[in-house]
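A short worksheet on the structure shown next.
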Amino acid sequence: MVVSLLWLPLSASASVINELSVLVEQGKSKQAYQLSLEHIEAFEGDPAFDLQYGTAAIDSGEVSEGIFALERVLFFEPNNAIATLELARGYYLLGQYEKAELLFKQVQRLDPPIIVQNRIQQYLSLIDNKTSIPPTKFTNFIELWAGYDSNINSGPGDQTTVVTLSDNALGRSDPYQQLRVGANIDHAYRADRSLMFGMNADLRYYESEDEQNYRNISFNAGHLWKNDTEQYLLNFVLQNYNLDNDDYRTLSGINGVWSKQLSNNSLMKLFAGANSLSYDTQAWKDAKQINVGANYLLAGEGSWSPLYFAGAFVGVEDPETPGILADGQVDRVFFGGNLGVQLTPFKDLNITPALTYQVSKYAGVDWIYNIKRKDDFAMFNLNLEWVLKPSWTLLANYSFTKAGSNIELYDYDREQVMLGMRYNFK
């Protein structure tokens with residue numbers, strides 16, 4: 001009778017373990033995992049059961065649970081190569097690459113079948129890619145442009161009804177030349193962490209309208225954290241905008257970006273920023289600006305390899321010193337979005353049409369028109385980049401801007417056409 005009673009649980013154990021093994025081998029990990037949970041109280045601690053249970057748990061996404069089960073197997077059977085291999089895989093999925101590498105190499109030394117050796121080598125290569133520190137990257141470029149601007153001062157096209165404007169205040173056109181320079185450093189001090197520094201300069205010189213010449217120089221320093229599917233970037237920015245050889249505005253700020261790879265062909269970004277704006281001769285414009293937003297990118301299939309992108313944002317701008325002017329022309333809420341696609345008709349040629357729309361609603365009453373200002377800004381942008389040689393890229397850009405407002409002073413159209421060349425320093 002004692003023998004008979006002992007035989008029943010042993011037989012049941014063998015039956016359950018055999019069923020689990022079949023499900024795991026068939027790739028039915030979820031079913032195997034659920035079956036394991038139904039019998040865990042009875043068979044937990046049995047190495048044969050824990051091996052199948054741990055493997056099914058890892059394959060079902062319950063990695064930590066699977067690791068605990070496989071560690072129990074190796075406690076009782078330290079030379080179990082299958083458990084060692086599955087445990088190494090679990091450590092890899094948890095990002096514990098040092099432990100995973102140690103166990104993969106332990107199995108590799110046992111000279112397993114060639115298919116297992118190949119699989120181990122794939123994991124070891126992936127671990128090497130994730131743990132090796134890439135060299136410091138330097139990316140530098142210079143761009144030279146020639147263009148035409150139909151409305152250099154964003155002024156109304158016709159005389160307004162309430163205020164009589166001088167000819168200089170109305171929209172004026174002029175050709176221009178433009179220089180852009182950029183230098184960036186990406187220094188990885190760990191496989192998943194980098195320090196980033198950059199400087200960018202944008203200088204435009206009009207042919208006959210010198211007072212609209214500008215120089216915009218910005219510096220940034222940031223830190224990047226990343227893993228398999230996510231990135232976190234924290235960035236500090238300092239910018240100086242010079243108009244007609246005089247300091248016009250200084251911007252300092254901090255922004256953060258979270259990026260998440262949703263699938264092999266899609267990416268989501270969330271961002272937030274806070275900036276301080278200081279004007280050299282118009283202190284009433286000094287303000288704090290806060291904005292948040294999101295972007296979505298989707299790599300499409302088919303000809304021209306489309307890369308779709310869309311985004312939305314919202315923000316506020318608060319004047320440092322409230323007053324009649326600041327309340328009506330600075331204090332605002334703004335929101336909007338963008339939509340576009342990057343197309344590749346053939347190798348080395350990218351064409352990117354995009355639309356941007358923004359609404360600004362101001363808090364105070366305009367002191368001249370005695371209404372609260374509301375602006376609508378819409379822009380169509382078409383950009384072309386053609387890599388002629390590894391270091392040389394032909395550039396072309398067209399943009400059309402339509403700014404609408406319930407105050408006619410801020411109602412205008414603007415077109416810009418540009419042709420340029422970029423040289424990337426290696």
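Identifiers in this document derive from the order of the structure tokens: chains are assigned A, B, ..., residues are numbered from 1 separately in each chain, and ligands are numbered from 1 in order of occurrence.
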Exercise for review: Can you pull out every residue within 7 Å of region 379-387 of chain A, counting only C-alpha atoms, but drop anything in the same chain fewer than 3 positions away, and send it as a list in words?
Suggested key: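 Answer for this query is Asp348, Leu349, Asn350, Ile351, Thr352, Pro353, Ala354, Leu355, Thr356, Tyr357, Pro390, Trp392, Thr393, Leu394, Leu395, Ala396, Asn397, Tyr398, Ser399, Phe400, Thr401 and Lys402 of chain A.
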Check your understanding: Using only C-alpha atoms, which residues sit within 6 Å of Tyr423 (chain A) once same-chain residues fewer than 6 positions away are excluded, as a list in words?
Key ->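 The filter keeps Phe141, Ile142, Ser391 and Trp392 of chain A.
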Dump as a PDB file, in the first residue's frame, selection limited to N, CA and C atoms:
ATOM      1  N   PHE A 141      30.187  70.160 -39.378  1.00  0.00           N
ATOM      2  CA  PHE A 141      29.750  70.468 -40.732  1.00  0.00           C
ATOM      3  C   PHE A 141      29.767  71.976 -40.963  1.00  0.00           C
ATOM      4  N   ILE A 142      29.764  72.338 -42.225  1.00  0.00           N
ATOM      5  CA  ILE A 142      29.610  73.727 -42.634  1.00  0.00           C
ATOM      6  C   ILE A 142      28.674  73.760 -43.834  1.00  0.00           C
ATOM      7  N   SER A 391      31.263  63.239 -48.218  1.00  0.00           N
ATOM      8  CA  SER A 391      31.357  64.451 -47.406  1.00  0.00           C
ATOM      9  C   SER A 391      30.540  65.616 -47.953  1.00  0.00           C
ATOM     10  N   TRP A 392      30.015  65.489 -49.163  1.00  0.00           N
ATOM     11  CA  TRP A 392      29.338  66.609 -49.818  1.00  0.00           C
ATOM     12  C   TRP A 392      27.860  66.300 -50.035  1.00  0.00           C
TER      13      TRP A 392
END
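For the choices A:Leu165, A:Ile58, A:Ala146, A:Val330, the atom-to-atom distance to Asp286 (chain A) is smallest for A:Val330 when using only C-alpha atoms.
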Each residue of region 297-373 of chain A lying at most 12 Å from region 251-269 of chain A should get a row with its shortest atom-to-atom pair and the distance in Å to one decimal, counting only C-alpha atoms; could you produce that, ordered by chain and increasing number, as a tab-separated table?
residue	atom	partner	partner_atom	distance
A:Leu297	CA	A:Leu267	CA	5.1
A:Leu298	CA	A:Ser266	CA	4.4
A:Ala299	CA	A:Asn265	CA	5.0
A:Gly300	CA	A:Asn265	CA	7.5
A:Glu301	CA	A:Asn265	CA	9.5
A:Ser305	CA	A:Asn265	CA	11.4
A:Pro306	CA	A:Asn265	CA	11.0
A:Leu307	CA	A:Asn265	CA	9.2
A:Tyr308	CA	A:Ser266	CA	9.4
A:Phe309	CA	A:Leu267	CA	9.4
A:Ala310	CA	A:Met268	CA	9.9
A:Gly311	CA	A:Lys269	CA	9.0
A:Ala312	CA	A:Lys269	CA	10.6
A:Phe313	CA	A:Lys269	CA	11.6
Check your understanding: Within 12 Å of Gly171 (chain A), counting only C-alpha atoms, which residues qualify if same-chain residues fewer than 6 places away don't, as number ranges by chain?
Key -> A: 149-160, 165, 209, 409-415
Exercise for review: Within 12 Å of Gln122 (chain A), counting only C-alpha atoms, which residues show up once you throw out same-chain ones fewer than 6 positions away? Write them as a PyMOL selection string, please.
Suggested key: chain A and resi 89+92+101+104-105+108+115-116+128-129
Exercise for review: Calculate how many Å separate CA of Ser125 (chain A) from CA of Gln52 (chain A), rounding to one decimal.
Suggested key: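 One can read the CA of Ser125 (chain A) to CA of Gln52 (chain A) distance as 26.6 Å.
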Practice item. Give the alpha helix (DSSP H) residues of region 301-382 of chain A, as assigned by DSSP on the backbone, as an MDAnalysis selection string. Key: chainID A and resid 324:329
Produce a file of the selected residues containing C-alpha atoms, as a PDB file, in the first residue's frame.
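Dumped to result.pdb:
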ATOM      1  CA  ILE A 324       0.092  96.663 -20.696  1.00  0.00           C
ATOM      2  CA  LEU A 325       2.606  95.718 -23.391  1.00  0.00           C
ATOM      3  CA  ALA A 326       3.689  92.412 -21.854  1.00  0.00           C
ATOM      4  CA  ASP A 327       0.140  91.227 -21.162  1.00  0.00           C
ATOM      5  CA  GLY A 328      -1.004  91.902 -24.718  1.00  0.00           C
ATOM      6  CA  GLN A 329       2.066  90.751 -26.680  1.00  0.00           C
TER       7      GLN A 329
END
Practice item. Give me the residues within 6 Å of Met199 (chain A) as a PyMOL selection string, counting only C-alpha atoms and dropping any in the same chain fewer than 5 places off. Key: chain A and resi 182-183+218-219
Exercise for review: Give the strand (DSSP E or B) residues of region 194-341 of chain A, as assigned by DSSP on the backbone, as a PyMOL selection string.
Suggested key: chain A and resi 194-206+214-226+230-243+246-263+266-279+287-299+307-319+332-341
Review point. Between CA of Asn227 (chain A) and CA of Ile133 (chain A), what is the distance, to one decimal in Å?
Key: 13.5 Å
